[in-house]
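With mmCIF, C-alpha atoms inside, this is query-v7.cif:
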```cif
data_structure
#
loop_
_atom_site.label_atom_id
_atom_site.label_comp_id
_atom_site.auth_asym_id
_atom_site.auth_seq_id
_atom_site.Cartn_x
_atom_site.Cartn_y
_atom_site.Cartn_z
CA MET B 226 12.70 -21.76 -8.69
CA THR B 227 10.84 -25.04 -8.65
CA SER B 228 7.20 -24.18 -8.10
CA PRO B 229 3.90 -26.02 -7.88
CA ASP B 230 0.97 -25.29 -10.18
CA ILE B 231 0.80 -21.57 -9.47
CA ARG B 232 -2.41 -20.04 -10.77
CA LEU B 233 -2.70 -16.81 -8.74
CA VAL B 234 0.12 -14.30 -8.28
CA VAL B 235 -0.38 -11.59 -5.65
CA LEU B 236 2.06 -8.73 -6.17
CA ASP B 237 2.84 -5.85 -3.86
CA MET B 238 3.11 -2.39 -5.42
CA ALA B 239 5.55 0.13 -3.81
CA GLY B 240 9.04 -1.34 -3.73
CA THR B 241 8.05 -4.44 -5.71
CA THR B 242 6.42 -3.35 -8.94
CA VAL B 243 6.52 0.41 -8.31
CA ALA B 244 9.69 2.42 -7.62
CA ASP B 245 8.80 5.37 -5.41
CA GLY B 246 12.25 6.55 -4.38
CA GLY B 247 11.59 6.77 -0.65
CA LEU B 248 8.31 8.66 -0.92
CA VAL B 249 6.90 6.83 2.10
CA GLU B 250 9.48 8.48 4.33
CA GLN B 251 8.87 11.88 2.73
CA ALA B 252 5.13 11.54 3.24
CA PHE B 253 5.75 10.48 6.85
CA GLU B 254 7.42 13.85 7.42
CA ALA B 255 4.11 15.52 6.57
CA ALA B 256 2.23 13.23 8.94
CA ALA B 257 4.74 13.86 11.72
CA ALA B 258 4.48 17.61 11.22
CA GLU B 259 0.68 17.42 11.39
CA LEU B 260 0.99 15.82 14.84
CA GLY B 261 3.70 18.21 16.04
CA VAL B 262 6.60 15.73 15.97
CA GLU B 263 9.73 17.87 15.62
CA PRO B 264 12.40 16.76 13.10
CA GLY B 265 15.72 15.97 14.76
CA THR B 266 14.18 14.88 18.06
CA PRO B 267 14.52 11.37 19.52
CA ASP B 268 10.75 10.97 19.19
CA HIS B 269 10.91 11.73 15.48
CA ALA B 270 13.82 9.31 14.99
CA ASP B 271 12.01 6.54 16.87
CA LYS B 272 8.82 6.99 14.86
CA LEU B 273 10.69 7.06 11.55
CA ALA B 274 12.53 3.86 12.53
CA TYR B 275 9.17 2.21 13.20
CA VAL B 276 7.85 3.35 9.81
CA ARG B 277 10.90 1.81 8.12
CA ALA B 278 10.59 -1.44 10.08
CA THR B 279 6.90 -1.83 9.22
CA MET B 280 7.06 -1.06 5.50
CA GLY B 281 4.26 -3.00 3.84
CA GLU B 282 1.83 -2.73 6.75
CA SER B 283 -1.44 -0.86 6.42
CA LYS B 284 -0.53 2.77 6.99
CA ILE B 285 -3.44 3.50 9.31
CA SER B 286 -2.29 0.59 11.47
CA VAL B 287 1.18 2.12 11.62
CA PHE B 288 -0.22 5.47 12.74
CA ARG B 289 -2.46 3.83 15.33
CA HIS B 290 0.66 2.29 16.85
CA LEU B 291 2.62 5.54 16.71
CA PHE B 292 -0.02 7.96 17.99
CA GLY B 293 -2.47 5.81 19.96
CA ALA B 294 -5.73 7.73 19.92
CA GLU B 295 -7.87 7.08 16.87
CA ASP B 296 -8.40 10.76 16.06
CA LEU B 297 -4.65 11.38 16.06
CA ALA B 298 -4.02 8.31 13.93
CA GLN B 299 -6.63 9.44 11.42
CA ARG B 300 -5.14 12.94 11.25
CA ALA B 301 -1.68 11.51 10.63
CA ASN B 302 -2.97 9.09 8.03
CA THR B 303 -4.87 11.82 6.18
CA ALA B 304 -1.76 14.00 6.08
CA PHE B 305 0.36 11.06 4.94
CA GLU B 306 -1.98 10.04 2.14
CA LYS B 307 -2.32 13.64 0.89
CA ALA B 308 1.44 14.14 0.89
CA TYR B 309 2.05 10.84 -0.89
CA GLY B 310 -0.67 11.63 -3.42
CA ASP B 311 0.87 15.03 -4.12
CA LEU B 312 4.24 13.38 -4.76
CA VAL B 313 2.59 10.90 -7.11
CA ASP B 314 0.86 13.74 -8.95
CA ALA B 315 4.25 15.43 -9.30
CA GLY B 316 5.52 12.43 -11.26
CA ARG B 317 7.61 10.92 -8.51
CA VAL B 318 6.69 7.27 -9.11
CA ALA B 319 7.75 4.92 -11.91
CA PRO B 320 7.51 1.22 -12.63
CA VAL B 321 10.29 -1.01 -11.37
CA PRO B 322 12.20 -1.81 -14.58
CA GLY B 323 10.54 -4.75 -16.29
CA ALA B 324 7.57 -4.85 -13.90
CA ARG B 325 4.80 -4.26 -16.46
CA GLU B 326 6.39 -6.73 -18.85
CA ALA B 327 6.64 -9.29 -16.03
CA VAL B 328 2.95 -8.93 -15.22
CA GLU B 329 2.00 -9.26 -18.89
CA ARG B 330 4.19 -12.34 -19.34
CA ILE B 331 2.73 -14.01 -16.26
CA GLN B 332 -0.83 -13.31 -17.40
CA ALA B 333 -0.01 -14.61 -20.87
CA THR B 334 0.61 -18.03 -19.29
CA GLY B 335 -3.00 -18.09 -18.04
CA ARG B 336 -2.20 -17.09 -14.49
CA THR B 337 -4.12 -14.31 -12.72
CA VAL B 338 -2.24 -11.36 -11.22
CA VAL B 339 -3.57 -9.14 -8.43
CA LEU B 340 -1.85 -5.96 -7.22
CA THR B 341 -2.01 -5.13 -3.50
CA THR B 342 -0.90 -2.23 -1.31
CA GLY B 343 -0.80 -0.97 2.25
CA PHE B 344 -2.02 2.44 1.10
CA ALA B 345 -5.60 3.69 1.07
CA ARG B 346 -7.67 3.18 -2.08
CA ALA B 347 -7.36 6.82 -3.18
CA THR B 348 -3.57 6.62 -3.05
CA GLN B 349 -3.49 3.25 -4.78
CA ASP B 350 -5.69 4.61 -7.56
CA ALA B 351 -3.44 7.67 -7.91
CA VAL B 352 -0.40 5.41 -8.38
CA LEU B 353 -2.22 3.17 -10.86
CA GLY B 354 -3.35 6.23 -12.79
CA ALA B 355 0.11 7.79 -12.85
CA LEU B 356 1.54 4.58 -14.33
CA GLY B 357 -1.36 3.89 -16.70
CA TRP B 358 -1.98 0.59 -14.91
CA HIS B 359 -5.72 0.74 -14.24
CA ASP B 360 -6.35 -1.96 -16.86
CA LEU B 361 -3.16 -3.95 -16.30
CA VAL B 362 -4.66 -6.56 -13.96
CA PRO B 363 -8.22 -7.73 -13.25
CA LEU B 364 -8.15 -6.85 -9.55
CA THR B 365 -6.33 -4.45 -7.22
CA LEU B 366 -6.74 -4.53 -3.44
CA CYS B 367 -6.03 -2.22 -0.53
CA PRO B 368 -6.53 -3.09 3.17
CA ALA B 369 -10.05 -1.63 3.24
CA ASP B 370 -11.07 -4.08 0.51
CA ALA B 371 -10.23 -7.00 2.78
CA GLY B 372 -11.58 -6.06 6.19
CA GLY B 373 -9.13 -3.28 6.95
CA ARG B 374 -6.31 -5.15 8.64
CA GLY B 375 -3.77 -5.21 5.81
CA ARG B 376 -0.40 -6.90 6.16
CA PRO B 377 1.07 -8.87 7.90
CA TYR B 378 -2.36 -10.49 8.07
CA PRO B 379 -3.20 -12.83 5.18
CA ASP B 380 -6.47 -11.04 4.43
CA MET B 381 -5.61 -9.39 1.10
CA VAL B 382 -4.07 -12.59 -0.26
CA LEU B 383 -7.13 -14.58 0.75
CA GLU B 384 -9.43 -11.87 -0.62
CA ALA B 385 -7.64 -12.18 -3.96
CA PHE B 386 -8.06 -15.96 -3.77
CA LEU B 387 -11.79 -15.65 -3.09
CA ARG B 388 -12.61 -12.85 -5.49
CA THR B 389 -10.74 -14.13 -8.53
CA GLY B 390 -11.55 -17.83 -8.23
CA ALA B 391 -8.28 -18.35 -10.09
CA ALA B 392 -7.00 -21.10 -7.80
CA ASP B 393 -8.57 -24.14 -6.18
CA ASP B 394 -6.08 -24.33 -3.33
CA VAL B 395 -4.02 -21.73 -1.46
CA ARG B 396 -0.97 -23.76 -2.43
CA GLN B 397 -1.54 -22.51 -5.97
CA ILE B 398 -0.79 -18.94 -4.86
CA ALA B 399 2.48 -17.03 -5.19
CA VAL B 400 2.93 -13.92 -3.04
CA VAL B 401 5.66 -11.46 -4.02
CA GLY B 402 6.84 -8.37 -2.13
CA ASP B 403 9.79 -6.37 -0.84
CA THR B 404 9.08 -6.39 2.91
CA SER B 405 9.00 -8.85 5.78
CA TYR B 406 5.29 -8.08 6.18
CA ASP B 407 4.65 -9.18 2.60
CA MET B 408 6.40 -12.44 3.39
CA LEU B 409 4.42 -12.97 6.59
CA SER B 410 1.13 -12.36 4.82
CA GLY B 411 2.02 -14.98 2.21
CA VAL B 412 3.12 -17.54 4.78
CA ARG B 413 -0.03 -17.00 6.85
CA ALA B 414 -2.20 -17.36 3.74
CA GLY B 415 -0.64 -20.74 2.98
CA ALA B 416 0.92 -19.69 -0.34
CA ALA B 417 3.34 -22.23 -1.78
CA VAL B 418 5.64 -19.54 -3.19
CA VAL B 419 6.51 -16.53 -1.04
CA ALA B 420 9.10 -14.56 -2.97
CA GLY B 421 10.98 -11.52 -1.75
CA VAL B 422 12.49 -8.96 -4.11
CA LEU B 423 15.49 -6.76 -3.39
CA THR B 424 14.20 -3.55 -5.00
CA GLY B 425 12.50 -2.18 -1.89
CA ALA B 426 12.61 -1.81 1.85
CA HIS B 427 14.13 -5.01 3.29
CA ASP B 428 17.22 -7.08 2.58
CA ALA B 429 17.52 -10.78 1.84
CA ASP B 430 18.14 -11.75 5.46
CA ALA B 431 15.01 -9.96 6.67
CA LEU B 432 12.91 -11.47 3.89
CA ARG B 433 14.13 -15.00 4.61
CA ALA B 434 13.66 -14.53 8.36
CA ALA B 435 10.02 -13.66 7.66
CA GLY B 436 9.48 -16.83 5.65
CA ALA B 437 10.50 -16.10 2.06
CA THR B 438 10.82 -19.29 0.08
CA HIS B 439 12.75 -17.45 -2.63
CA VAL B 440 14.59 -14.15 -2.97
CA LEU B 441 14.85 -12.45 -6.38
CA ASP B 442 16.82 -9.42 -7.45
CA SER B 443 13.68 -7.99 -9.05
CA VAL B 444 10.11 -8.82 -10.03
CA ALA B 445 11.44 -8.85 -13.59
CA GLN B 446 12.87 -12.30 -12.79
CA LEU B 447 9.51 -13.69 -11.69
CA PRO B 448 8.14 -14.97 -15.04
CA GLY B 449 11.22 -17.04 -15.66
CA ALA B 450 11.24 -18.26 -12.08
CA LEU B 451 7.64 -19.47 -12.36
CA ALA B 452 8.14 -21.05 -15.79
#
```
Let me see the file written as structure tokens.
Amino acid sequence: MTSPDIRLVVLDMAGTTVADGGLVEQAFEAAAAELGVEPGTPDHADKLAYVRATMGESKISVFRHLFGAEDLAQRANTAFEKAYGDLVDAGRVAPVPGAREAVERIQATGRTVVLTTGFARATQDAVLGALGWHDLVPLTLCPADAGGRGRPYPDMVLEAFLRTGAADDVRQIAVVGDTSYDMLSGVRAGAAVVAGVLTGAHDADALRAAGATHVLDSVAQLPGALA
């Protein structure tokens, strides 16, 4: 990878730096059950397909699309976050191999790393706690920290840019994720490097179609790619 003077690296969590083994889909089952969506029905299949297609988006936004009314969306989101948190507490998440080392190597070069997610803050904190990552980076962001819209909007990337002061220009940002929505958020933020990784939800074609400038097998390759 030939890159410009990258000073800020914005990394997604689930699927990029965190391996969760399909927990999003398992937690969706709890949300669907809360709203009376029967497994095995066409409605259930359609909703699950939408969840898969929109991996990386703010989860409350996903449920607003699926269930319409705000009270229903909030009920689904609460059930989802509780179910995901319970799975995290049960030890069902782990770092993507080499992820922590990659973050430490990048920061050792003087670059700033920020971790972002589409989950709520409580869920993000549960994941960080389970991995012992609370002190790994100087800033972590969820959609509520950046106005609530989440991906594919550029808000979290730009919030990282503003809060850290690590870069003088958005072209000094690298955005890294495993979904098309991660790629879109990086493109819309003006990041010079928008790198997709193949450890999560979407394949290389989907990542490139959404604007990925680079596709890596894993975030473990990122330090060398930015060198």
Residue members of the PyMOL selection byres ((chain B and resi 410-417) around 6) in the file shown, as number ranges by chain: B: 376-379, 395-396, 398-400, 407-409, 418-419
Centre and edge lengths of an axis-aligned box around all listed atoms of range 401-416 of chain B, with 4 Å added on each side, are to be given in Å to one decimal, as lines of an AutoDock Vina configuration file.
```
center_x = 3.8
center_y = -13.6
center_z = 1.4
size_x = 20.0
size_y = 22.4
size_z = 18.9
```
Tell me, counting all atoms listed in the file, for each residue of range 286-355 of chain B within 7 Å of range 243-265 of chain B, which pair of atoms is nearest and how far apart they are in Å to one decimal, in rows ordered by chain and increasing number, as CSV.
```
residue,atom,partner,partner_atom,distance
B:Ala301,CA,B:Ala256,CA,4.6
B:Asn302,CA,B:Ala256,CA,6.7
B:Ala304,CA,B:Ala256,CA,5.0
B:Phe305,CA,B:Ala256,CA,4.9
B:Ala308,CA,B:Ala252,CA,5.1
B:Tyr309,CA,B:Ala252,CA,5.2
B:Arg317,CA,B:Asp245,CA,6.5
B:Val318,CA,B:Asp245,CA,4.7
B:Ala319,CA,B:Ala244,CA,5.3
B:Pro320,CA,B:Val243,CA,4.5
B:Val321,CA,B:Val243,CA,5.1
```
Resulting file, chosen residues, C-alpha atoms, as a PDB file, keeping the file's coordinate frame:
```
ATOM      1  CA  ALA B 301      -1.680  11.510  10.630  1.00  0.00           C
ATOM      2  CA  ASN B 302      -2.970   9.090   8.030  1.00  0.00           C
ATOM      3  CA  ALA B 304      -1.760  14.000   6.080  1.00  0.00           C
ATOM      4  CA  PHE B 305       0.360  11.060   4.940  1.00  0.00           C
ATOM      5  CA  ALA B 308       1.440  14.140   0.890  1.00  0.00           C
ATOM      6  CA  TYR B 309       2.050  10.840  -0.890  1.00  0.00           C
ATOM      7  CA  ARG B 317       7.610  10.920  -8.510  1.00  0.00           C
ATOM      8  CA  VAL B 318       6.690   7.270  -9.110  1.00  0.00           C
ATOM      9  CA  ALA B 319       7.750   4.920 -11.910  1.00  0.00           C
ATOM     10  CA  PRO B 320       7.510   1.220 -12.630  1.00  0.00           C
ATOM     11  CA  VAL B 321      10.290  -1.010 -11.370  1.00  0.00           C
TER      12      VAL B 321
END
```
Would you kindly translate the PyMOL selection byres ((chain B and resi 435) around 8) into the concrete residues it picks from this file, as a ChimeraX atom specification? /B:405-406,408-409,431-434,436-437
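The shortest atom-to-atom distance to Leu366 in chain B, with all atoms listed in the file taken into account, belongs to B:Asp237 out of B:Asp271, B:Asp237, B:Glu282, B:Asp314.
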What are the nearest atom pairs, with distances in Å to one decimal, for all residues of range 243-356 of chain B that come at most 7 Å from range 442-446 of chain B, using only C-alpha atoms, set out by chain and rising residue number as a tab-separated table?
```
residue	atom	partner	partner_atom	distance
B:Gly323	CA	B:Ala445	CA	5.0
B:Ala324	CA	B:Ala445	CA	5.6
B:Ala327	CA	B:Ala445	CA	5.4
```
Taking the file as shown, what set of residues would the PyMOL selection byres ((chain B and resi 351-355) around 10) give back, as a ChimeraX atom specification? /B:238-239,243,245,309-320,340,346-350,356-361,365
I need the chosen residues saved as a PDB file, keeping the file's coordinate frame, with C-alpha atoms.
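Writing the result to part_28.pdb gives the following:
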```pdb
ATOM      1  CA  MET B 238       3.110  -2.390  -5.420  1.00  0.00           C
ATOM      2  CA  ALA B 239       5.550   0.130  -3.810  1.00  0.00           C
ATOM      3  CA  VAL B 243       6.520   0.410  -8.310  1.00  0.00           C
ATOM      4  CA  ASP B 245       8.800   5.370  -5.410  1.00  0.00           C
ATOM      5  CA  TYR B 309       2.050  10.840  -0.890  1.00  0.00           C
ATOM      6  CA  GLY B 310      -0.670  11.630  -3.420  1.00  0.00           C
ATOM      7  CA  ASP B 311       0.870  15.030  -4.120  1.00  0.00           C
ATOM      8  CA  LEU B 312       4.240  13.380  -4.760  1.00  0.00           C
ATOM      9  CA  VAL B 313       2.590  10.900  -7.110  1.00  0.00           C
ATOM     10  CA  ASP B 314       0.860  13.740  -8.950  1.00  0.00           C
ATOM     11  CA  ALA B 315       4.250  15.430  -9.300  1.00  0.00           C
ATOM     12  CA  GLY B 316       5.520  12.430 -11.260  1.00  0.00           C
ATOM     13  CA  ARG B 317       7.610  10.920  -8.510  1.00  0.00           C
ATOM     14  CA  VAL B 318       6.690   7.270  -9.110  1.00  0.00           C
ATOM     15  CA  ALA B 319       7.750   4.920 -11.910  1.00  0.00           C
ATOM     16  CA  PRO B 320       7.510   1.220 -12.630  1.00  0.00           C
ATOM     17  CA  LEU B 340      -1.850  -5.960  -7.220  1.00  0.00           C
ATOM     18  CA  ARG B 346      -7.670   3.180  -2.080  1.00  0.00           C
ATOM     19  CA  ALA B 347      -7.360   6.820  -3.180  1.00  0.00           C
ATOM     20  CA  THR B 348      -3.570   6.620  -3.050  1.00  0.00           C
ATOM     21  CA  GLN B 349      -3.490   3.250  -4.780  1.00  0.00           C
ATOM     22  CA  ASP B 350      -5.690   4.610  -7.560  1.00  0.00           C
ATOM     23  CA  LEU B 356       1.540   4.580 -14.330  1.00  0.00           C
ATOM     24  CA  GLY B 357      -1.360   3.890 -16.700  1.00  0.00           C
ATOM     25  CA  TRP B 358      -1.980   0.590 -14.910  1.00  0.00           C
ATOM     26  CA  HIS B 359      -5.720   0.740 -14.240  1.00  0.00           C
ATOM     27  CA  ASP B 360      -6.350  -1.960 -16.860  1.00  0.00           C
ATOM     28  CA  LEU B 361      -3.160  -3.950 -16.300  1.00  0.00           C
ATOM     29  CA  THR B 365      -6.330  -4.450  -7.220  1.00  0.00           C
TER      30      THR B 365
END
```
With 8 Å as the threshold, what does the neighbourhood of (-1.6, 0.6, 1.4) contain in terms of residues, counting only C-alpha atoms? Coordinates are those of the file; answer as a VMD selection string. chain B and resid 281 to 284 341 to 346 348 to 349 367 to 368 375
Using C-alpha atoms, can you write the selected residues to a file as a PDB file, keeping the file's coordinate frame?
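Below you can see selection_34.pdb, which holds the result:
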```pdb
ATOM      1  CA  GLY B 281       4.260  -3.000   3.840  1.00  0.00           C
ATOM      2  CA  GLU B 282       1.830  -2.730   6.750  1.00  0.00           C
ATOM      3  CA  SER B 283      -1.440  -0.860   6.420  1.00  0.00           C
ATOM      4  CA  LYS B 284      -0.530   2.770   6.990  1.00  0.00           C
ATOM      5  CA  THR B 341      -2.010  -5.130  -3.500  1.00  0.00           C
ATOM      6  CA  THR B 342      -0.900  -2.230  -1.310  1.00  0.00           C
ATOM      7  CA  GLY B 343      -0.800  -0.970   2.250  1.00  0.00           C
ATOM      8  CA  PHE B 344      -2.020   2.440   1.100  1.00  0.00           C
ATOM      9  CA  ALA B 345      -5.600   3.690   1.070  1.00  0.00           C
ATOM     10  CA  ARG B 346      -7.670   3.180  -2.080  1.00  0.00           C
ATOM     11  CA  THR B 348      -3.570   6.620  -3.050  1.00  0.00           C
ATOM     12  CA  GLN B 349      -3.490   3.250  -4.780  1.00  0.00           C
ATOM     13  CA  CYS B 367      -6.030  -2.220  -0.530  1.00  0.00           C
ATOM     14  CA  PRO B 368      -6.530  -3.090   3.170  1.00  0.00           C
ATOM     15  CA  GLY B 375      -3.770  -5.210   5.810  1.00  0.00           C
TER      16      GLY B 375
END
```
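From CA of Val339 in chain B back to CA of Gly402 in chain B, the distance works out to 12.2 Å.
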